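Peer 1: My structure is stored as entry.pdb, with PDB, C-alpha atoms.
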ATOM      1  CA  MET A  30      88.477 139.464 136.343  1.00  0.00           C
ATOM      2  CA  ALA A  31      91.463 140.062 134.115  1.00  0.00           C
ATOM      3  CA  SER A  32      91.535 143.131 131.932  1.00  0.00           C
ATOM      4  CA  GLY A  33      90.590 142.544 128.313  1.00  0.00           C
ATOM      5  CA  GLN A  34      87.857 140.037 129.137  1.00  0.00           C
ATOM      6  CA  THR A  35      84.450 140.523 127.529  1.00  0.00           C
ATOM      7  CA  LEU A  36      81.769 141.722 129.947  1.00  0.00           C
ATOM      8  CA  ALA A  37      78.819 141.906 127.546  1.00  0.00           C
ATOM      9  CA  THR A  38      77.933 141.940 123.863  1.00  0.00           C
ATOM     10  CA  TRP A  39      75.055 143.249 121.804  1.00  0.00           C
ATOM     11  CA  THR A  40      74.139 142.730 118.162  1.00  0.00           C
ATOM     12  CA  ALA A  41      71.640 144.746 116.174  1.00  0.00           C
ATOM     13  CA  ASP A  42      69.115 141.901 116.268  1.00  0.00           C
ATOM     14  CA  GLY A  43      69.016 142.230 120.076  1.00  0.00           C
ATOM     15  CA  GLY A  44      66.949 144.544 122.226  1.00  0.00           C
ATOM     16  CA  ALA A  45      67.322 148.299 122.201  1.00  0.00           C
ATOM     17  CA  SER A  46      65.267 151.316 123.215  1.00  0.00           C
ATOM     18  CA  PHE A  47      65.002 154.789 121.769  1.00  0.00           C
ATOM     19  CA  PRO A  48      64.344 158.414 122.663  1.00  0.00           C
ATOM     20  CA  SER A  49      61.067 159.991 121.517  1.00  0.00           C
ATOM     21  CA  SER A  50      62.857 161.761 118.644  1.00  0.00           C
ATOM     22  CA  ASN A  51      66.173 161.638 116.765  1.00  0.00           C
ATOM     23  CA  TYR A  52      66.577 157.886 117.102  1.00  0.00           C
ATOM     24  CA  ALA A  53      68.515 155.462 114.938  1.00  0.00           C
ATOM     25  CA  THR A  54      66.374 153.293 112.685  1.00  0.00           C
ATOM     26  CA  PHE A  55      66.529 149.547 112.214  1.00  0.00           C
ATOM     27  CA  ASP A  56      67.743 148.317 108.835  1.00  0.00           C
ATOM     28  CA  THR A  57      69.288 145.258 107.238  1.00  0.00           C
ATOM     29  CA  ARG A  58      72.121 144.898 104.786  1.00  0.00           C
ATOM     30  CA  ASN A  59      72.011 141.571 102.949  1.00  0.00           C
ATOM     31  CA  THR A  60      70.029 140.203 105.945  1.00  0.00           C
ATOM     32  CA  HIS A  61      72.619 141.540 108.444  1.00  0.00           C
ATOM     33  CA  PRO A  62      70.755 143.654 111.017  1.00  0.00           C
ATOM     34  CA  CYS A  63      72.021 147.150 111.761  1.00  0.00           C
ATOM     35  CA  TYR A  64      70.837 150.534 112.981  1.00  0.00           C
ATOM     36  CA  ASP A  65      71.206 153.541 110.688  1.00  0.00           C
ATOM     37  CA  PHE A  66      72.484 156.841 112.065  1.00  0.00           C
ATOM     38  CA  ASP A  67      71.870 159.992 110.019  1.00  0.00           C
ATOM     39  CA  PRO A  68      74.802 162.167 108.823  1.00  0.00           C
ATOM     40  CA  THR A  69      73.274 165.514 109.886  1.00  0.00           C
ATOM     41  CA  THR A  70      71.098 164.763 112.928  1.00  0.00           C
ATOM     42  CA  GLN A  71      72.632 163.312 116.087  1.00  0.00           C
ATOM     43  CA  GLU A  72      70.598 160.130 116.425  1.00  0.00           C
ATOM     44  CA  THR A  73      70.591 157.900 119.499  1.00  0.00           C
ATOM     45  CA  ILE A  74      70.082 154.313 120.599  1.00  0.00           C
ATOM     46  CA  TYR A  75      69.982 152.951 124.164  1.00  0.00           C
ATOM     47  CA  LEU A  76      71.250 149.498 125.119  1.00  0.00           C
ATOM     48  CA  HIS A  77      70.524 147.841 128.475  1.00  0.00           C
ATOM     49  CA  PHE A  78      72.999 145.669 130.375  1.00  0.00           C
ATOM     50  CA  ILE A  79      73.692 144.355 133.872  1.00  0.00           C
ATOM     51  CA  LEU A  80      77.291 144.817 134.994  1.00  0.00           C
ATOM     52  CA  PRO A  81      78.582 141.271 135.595  1.00  0.00           C
ATOM     53  CA  ARG A  82      79.531 140.344 139.149  1.00  0.00           C
ATOM     54  CA  HIS A  83      83.008 139.291 137.999  1.00  0.00           C
ATOM     55  CA  TYR A  84      83.788 142.871 136.871  1.00  0.00           C
ATOM     56  CA  GLY A  85      87.014 143.980 138.586  1.00  0.00           C
ATOM     57  CA  SER A  86      86.515 147.798 138.612  1.00  0.00           C
ATOM     58  CA  ASN A  87      89.159 148.536 135.969  1.00  0.00           C
ATOM     59  CA  GLY A  88      86.976 150.577 133.619  1.00  0.00           C
ATOM     60  CA  ILE A  89      85.222 149.476 130.458  1.00  0.00           C
ATOM     61  CA  THR A  90      86.345 149.740 126.853  1.00  0.00           C
ATOM     62  CA  VAL A  91      83.396 150.095 124.486  1.00  0.00           C
ATOM     63  CA  TYR A  92      83.920 148.619 121.002  1.00  0.00           C
ATOM     64  CA  LEU A  93      81.544 149.507 118.165  1.00  0.00           C
ATOM     65  CA  THR A  94      81.339 147.511 114.937  1.00  0.00           C
ATOM     66  CA  TRP A  95      79.932 149.726 112.214  1.00  0.00           C
ATOM     67  CA  GLY A  96      79.979 150.480 108.523  1.00  0.00           C
ATOM     68  CA  ALA A  97      78.750 153.135 106.112  1.00  0.00           C
ATOM     69  CA  SER A  98      75.617 152.802 103.996  1.00  0.00           C
ATOM     70  CA  SER A  99      77.270 154.360 100.971  1.00  0.00           C
ATOM     71  CA  ALA A 100      80.411 156.316 101.881  1.00  0.00           C
ATOM     72  CA  THR A 101      83.820 154.896 100.970  1.00  0.00           C
ATOM     73  CA  SER A 102      85.764 157.921 102.186  1.00  0.00           C
ATOM     74  CA  GLY A 103      85.595 160.382 105.039  1.00  0.00           C
ATOM     75  CA  THR A 104      85.425 159.690 108.755  1.00  0.00           C
ATOM     76  CA  GLY A 105      82.794 158.397 111.127  1.00  0.00           C
ATOM     77  CA  ALA A 106      82.648 159.424 114.791  1.00  0.00           C
ATOM     78  CA  TRP A 107      80.600 158.278 117.776  1.00  0.00           C
ATOM     79  CA  ASP A 108      80.107 158.979 121.451  1.00  0.00           C
ATOM     80  CA  VAL A 109      78.879 156.796 124.295  1.00  0.00           C
ATOM     81  CA  ALA A 110      77.567 157.525 127.785  1.00  0.00           C
ATOM     82  CA  PHE A 111      76.662 155.314 130.740  1.00  0.00           C
ATOM     83  CA  GLU A 112      73.591 155.675 132.961  1.00  0.00           C
ATOM     84  CA  ARG A 113      73.424 153.821 136.261  1.00  0.00           C
ATOM     85  CA  ILE A 114      69.974 152.461 137.019  1.00  0.00           C
ATOM     86  CA  GLY A 115      71.093 150.434 140.042  1.00  0.00           C
ATOM     87  CA  ASP A 116      69.149 149.995 143.257  1.00  0.00           C
ATOM     88  CA  GLY A 117      67.340 153.287 143.847  1.00  0.00           C
ATOM     89  CA  GLN A 118      69.966 155.235 141.876  1.00  0.00           C
ATOM     90  CA  GLN A 119      67.977 156.574 138.894  1.00  0.00           C
ATOM     91  CA  ASP A 120      64.369 157.710 138.535  1.00  0.00           C
ATOM     92  CA  LEU A 121      63.144 155.898 135.416  1.00  0.00           C
ATOM     93  CA  ASP A 122      61.055 158.977 134.552  1.00  0.00           C
ATOM     94  CA  SER A 123      64.206 160.950 133.704  1.00  0.00           C
ATOM     95  CA  ASP A 124      67.648 160.488 132.173  1.00  0.00           C
ATOM     96  CA  GLY A 125      70.880 160.665 134.174  1.00  0.00           C
ATOM     97  CA  PHE A 126      73.739 159.871 131.812  1.00  0.00           C
ATOM     98  CA  ALA A 127      77.353 160.530 132.699  1.00  0.00           C
ATOM     99  CA  THR A 128      79.398 162.788 130.431  1.00  0.00           C
ATOM    100  CA  ALA A 129      79.635 161.465 126.881  1.00  0.00           C
ATOM    101  CA  GLN A 130      82.919 159.790 125.960  1.00  0.00           C
ATOM    102  CA  ALA A 131      84.029 160.433 122.369  1.00  0.00           C
ATOM    103  CA  ILE A 132      85.268 157.716 120.070  1.00  0.00           C
ATOM    104  CA  ALA A 133      87.865 159.347 117.833  1.00  0.00           C
ATOM    105  CA  PRO A 134      86.824 159.843 114.201  1.00  0.00           C
ATOM    106  CA  ALA A 135      87.957 156.923 112.056  1.00  0.00           C
ATOM    107  CA  THR A 136      88.210 156.542 108.311  1.00  0.00           C
ATOM    108  CA  VAL A 137      85.257 154.609 106.918  1.00  0.00           C
ATOM    109  CA  PRO A 138      86.097 151.357 105.107  1.00  0.00           C
ATOM    110  CA  GLY A 139      87.158 151.939 101.494  1.00  0.00           C
ATOM    111  CA  THR A 140      84.842 149.164 100.317  1.00  0.00           C
ATOM    112  CA  SER A 141      81.106 149.650 100.730  1.00  0.00           C
ATOM    113  CA  GLY A 142      79.736 146.843 102.899  1.00  0.00           C
ATOM    114  CA  ASN A 143      82.878 146.379 105.004  1.00  0.00           C
ATOM    115  CA  THR A 144      82.802 147.151 108.724  1.00  0.00           C
ATOM    116  CA  LYS A 145      85.098 149.062 111.040  1.00  0.00           C
ATOM    117  CA  ILE A 146      85.729 148.491 114.757  1.00  0.00           C
ATOM    118  CA  THR A 147      86.455 151.554 116.887  1.00  0.00           C
ATOM    119  CA  ASN A 148      86.617 151.949 120.650  1.00  0.00           C
ATOM    120  CA  VAL A 149      86.945 154.201 123.654  1.00  0.00           C
ATOM    121  CA  ALA A 150      88.237 153.312 127.127  1.00  0.00           C
ATOM    122  CA  VAL A 151      85.965 154.679 129.844  1.00  0.00           C
ATOM    123  CA  THR A 152      87.475 154.984 133.312  1.00  0.00           C
ATOM    124  CA  ASN A 153      85.703 153.532 136.328  1.00  0.00           C
ATOM    125  CA  GLY A 154      83.855 156.007 138.531  1.00  0.00           C
ATOM    126  CA  ALA A 155      82.074 159.155 137.363  1.00  0.00           C
ATOM    127  CA  ASN A 156      82.715 158.510 133.652  1.00  0.00           C
ATOM    128  CA  MET A 157      80.790 155.233 134.062  1.00  0.00           C
ATOM    129  CA  ASP A 158      78.170 156.910 136.296  1.00  0.00           C
ATOM    130  CA  SER A 159      79.605 154.859 139.189  1.00  0.00           C
ATOM    131  CA  ILE A 160      77.860 151.643 138.113  1.00  0.00           C
ATOM    132  CA  ALA A 161      78.340 148.845 140.652  1.00  0.00           C
ATOM    133  CA  VAL A 162      78.505 145.115 139.907  1.00  0.00           C
ATOM    134  CA  GLY A 163      75.119 143.477 139.511  1.00  0.00           C
ATOM    135  CA  GLU A 164      73.411 146.753 138.607  1.00  0.00           C
ATOM    136  CA  LEU A 165      71.296 147.515 135.569  1.00  0.00           C
ATOM    137  CA  PHE A 166      72.611 150.307 133.355  1.00  0.00           C
ATOM    138  CA  ARG A 167      72.010 151.874 129.984  1.00  0.00           C
ATOM    139  CA  LEU A 168      74.596 152.681 127.348  1.00  0.00           C
ATOM    140  CA  ARG A 169      73.694 155.592 125.093  1.00  0.00           C
ATOM    141  CA  ILE A 170      75.286 155.518 121.638  1.00  0.00           C
ATOM    142  CA  ARG A 171      75.158 158.492 119.284  1.00  0.00           C
ATOM    143  CA  ARG A 172      76.740 159.368 115.976  1.00  0.00           C
ATOM    144  CA  ASP A 173      78.945 162.385 116.609  1.00  0.00           C
ATOM    145  CA  VAL A 174      77.864 164.326 113.510  1.00  0.00           C
ATOM    146  CA  ALA A 175      79.806 167.419 114.580  1.00  0.00           C
ATOM    147  CA  ASN A 176      83.073 165.489 114.321  1.00  0.00           C
ATOM    148  CA  ASP A 177      82.666 163.279 111.266  1.00  0.00           C
ATOM    149  CA  ASP A 178      82.359 163.950 107.561  1.00  0.00           C
ATOM    150  CA  ALA A 179      81.187 160.656 106.030  1.00  0.00           C
ATOM    151  CA  THR A 180      78.222 161.093 103.737  1.00  0.00           C
ATOM    152  CA  GLY A 181      75.104 158.999 104.219  1.00  0.00           C
ATOM    153  CA  ASP A 182      74.140 156.838 107.158  1.00  0.00           C
ATOM    154  CA  LEU A 183      76.533 154.998 109.432  1.00  0.00           C
ATOM    155  CA  GLU A 184      75.346 151.488 110.293  1.00  0.00           C
ATOM    156  CA  LEU A 185      75.857 150.163 113.837  1.00  0.00           C
ATOM    157  CA  CYS A 186      76.080 146.344 113.795  1.00  0.00           C
ATOM    158  CA  ALA A 187      77.397 145.300 117.218  1.00  0.00           C
ATOM    159  CA  VAL A 188      78.786 146.463 120.564  1.00  0.00           C
ATOM    160  CA  GLU A 189      81.254 144.741 122.875  1.00  0.00           C
ATOM    161  CA  LEU A 190      82.049 145.833 126.420  1.00  0.00           C
ATOM    162  CA  LYS A 191      85.444 144.654 127.695  1.00  0.00           C
ATOM    163  CA  GLU A 192      87.130 145.260 130.998  1.00  0.00           C
ATOM    164  CA  THR A 193      89.939 147.755 130.443  1.00  0.00           C
TER     165      THR A 193
END
What do you get writing this file as structure tokens?

Peer 2:
Amino acid sequence: MASGQTLATWTADGGASFPSSNYATFDTRNTHPCYDFDPTTQETIYLHFILPRHYGSNGITVYLTWGASSATSGTGAWDVAFERIGDGQQDLDSDGFATAQAIAPATVPGTSGNTKITNVAVTNGANMDSIAVGELFRLRIRRDVANDDATGDLELCAVELKET
């Protein structure tokens, strides 16, 4: 597959799972679904995907579409981590995420209700938990509250995974 091609997408009206505590909460904004992430507690959401068989092993760039509930200044920051479920690779009774990959802090939109798209390129191999084509994996998304200063919730609307 050529780099830059979409591997998978997720929107906030799709499936997600959550840790037992400190999880993002479902919300809507003018009927647009989103998940709210707190400004002081690092909240988490898990998304499930299968790595398409046409993936060419070039790494994955994770794109997040998000906005701010109320802030019109400051920065928002995120991190993502992959967990290979695979064929006998991960005990479902425990977590096994690769090292979190930071998405650089970005200025929130200056107009409340607008969205921002930010991304991080994750190299193939250990940073992607060595996921192989055709395997189930989870993507953990967290607001990086230690590295942003936007007040109020950040709202995650969608995720796109593209081959790097």

Peer 1: Between A:Gly163, A:Gly105, A:Gly88, A:Gly44, which one has atoms that come closest to A:Ala133, using all atoms listed in the file?

Peer 2: A:Gly105

Peer 1: Where does stretch 93-187 of chain A meet stretch 65-86 of chain A within 7 Å, residue by residue, with the nearest atom pair and distance in Å to one decimal for each, counting only C-alpha atoms, listed by chain and rising number, as a Markdown table?

Peer 2:
| residue | atom | partner | partner_atom | distance |
| --- | --- | --- | --- | --- |
| A:Asn153 | CA | A:Ser86 | CA | 6.2 |
| A:Val162 | CA | A:Arg82 | CA | 4.9 |
| A:Gly163 | CA | A:Leu80 | CA | 5.2 |
| A:Glu164 | CA | A:Ile79 | CA | 5.3 |
| A:Leu165 | CA | A:Ile79 | CA | 4.3 |
| A:Phe166 | CA | A:Phe78 | CA | 5.5 |
| A:Arg167 | CA | A:His77 | CA | 4.6 |
| A:Leu168 | CA | A:Leu76 | CA | 5.1 |
| A:Arg169 | CA | A:Tyr75 | CA | 4.6 |
| A:Ile170 | CA | A:Ile74 | CA | 5.4 |
| A:Arg171 | CA | A:Thr73 | CA | 4.6 |
| A:Arg172 | CA | A:Gln71 | CA | 5.7 |
| A:Asp173 | CA | A:Gln71 | CA | 6.4 |
| A:Val174 | CA | A:Gln71 | CA | 5.9 |
| A:Thr180 | CA | A:Pro68 | CA | 6.2 |
| A:Gly181 | CA | A:Pro68 | CA | 5.6 |
| A:Asp182 | CA | A:Asp67 | CA | 4.8 |
| A:Leu183 | CA | A:Phe66 | CA | 5.2 |
| A:Glu184 | CA | A:Asp65 | CA | 4.6 |
| A:Leu185 | CA | A:Asp65 | CA | 6.6 |

Peer 1: Which polymer residues have any atom within 8 Å of an atom of stretch 40-43 of chain A, counting only C-alpha atoms, with same-chain residues fewer than 6 positions away left out, as a list in words?

Peer 2: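 Within the cut-off, the hits are Pro62, Cys63, Tyr64, Leu185, Cys186, Ala187 and Val188 of chain A.
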
Peer 1: Centre and edge lengths, as AutoDock Vina command-line options, for the axis-aligned box enclosing every listed atom of stretch 154-157 of chain A with 3 Å of padding on each of the six sides, in Å to one decimal?

Peer 2:
--center_x 82.3 --center_y 157.2 --center_z 136.1 --size_x 9.1 --size_y 9.9 --size_z 10.9

Peer 1: Tell me which protein, DNA and RNA residues are within 12 Å of A:Gly154, counting all atoms listed in the file, leaving out same-chain ones fewer than 6 positions away, and put them as a VMD selection string.

Peer 2: chain A and resid 86 to 89 111 to 113 127 to 128 160 to 161

Peer 1: Would you pick out the contacts of A:Pro134 at 10 Å or less, using all atoms listed in the file, so that residues sharing its chain but fewer than 2 positions from it are not included, and give the list as a compact mmCIF listing (two decimals) with C-alpha atoms, in the coordinates of the input?

Peer 2:
# COMPACT_ATOMS: atom_id res chain seq x y z
CA GLY A 103 85.60 160.38 105.04
CA THR A 104 85.42 159.69 108.76
CA GLY A 105 82.79 158.40 111.13
CA ALA A 106 82.65 159.42 114.79
CA TRP A 107 80.60 158.28 117.78
CA ASP A 108 80.11 158.98 121.45
CA ALA A 131 84.03 160.43 122.37
CA ILE A 132 85.27 157.72 120.07
CA THR A 136 88.21 156.54 108.31
CA VAL A 137 85.26 154.61 106.92
CA THR A 147 86.46 151.55 116.89
CA ASP A 173 78.94 162.38 116.61
CA ASN A 176 83.07 165.49 114.32
CA ASP A 177 82.67 163.28 111.27
CA ASP A 178 82.36 163.95 107.56
CA ALA A 179 81.19 160.66 106.03

Peer 1: Please provide the set of residues having any atom within 8 Å of A:Lys145, restricted to all atoms listed in the file, with same-chain residues fewer than 4 positions apart removed, written as a PyMOL selection string.

Peer 2: chain A and resi 93-96+137-138

Peer 1: What's the 9 Å shell around stretch 191-193 of chain A, counting all atoms listed in the file, without same-chain residues fewer than 4 positions away, as number ranges by chain?

Peer 2: A: 30-38, 84-92, 150-152

Peer 1: Could you tell me how far atom CA of A:Asn148 sits from atom CA of A:Thr54, in Å to one decimal place?

Peer 2: 21.8 Å

Peer 1: State, in Å with one decimal place, the distance from atom CA of A:Asp116 to atom CA of A:Ala155.

Peer 2: 16.9 Å

Peer 1: My list of candidates is A:Val149, A:Ser102, A:Thr57, A:Ala129. Which is closest to A:Glu189 when distances are computed with only C-alpha atoms?

Peer 2: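 Result for the nearest residue to A:Glu189: A:Val149.
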
Peer 1: So, counting all atoms listed in the file, which residue among A:Met157, A:Thr101, A:Pro48, A:Ser141 is closest to A:Ser123?

Peer 2: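 Counting all atoms listed in the file, the residue closest to A:Ser123 is A:Pro48.
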
Peer 1: Between atom CA of A:Gln119 and atom CA of A:Phe55, what is the distance, to one decimal in Å?

Peer 2: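 Between these atoms lies a distance of 27.6 Å.
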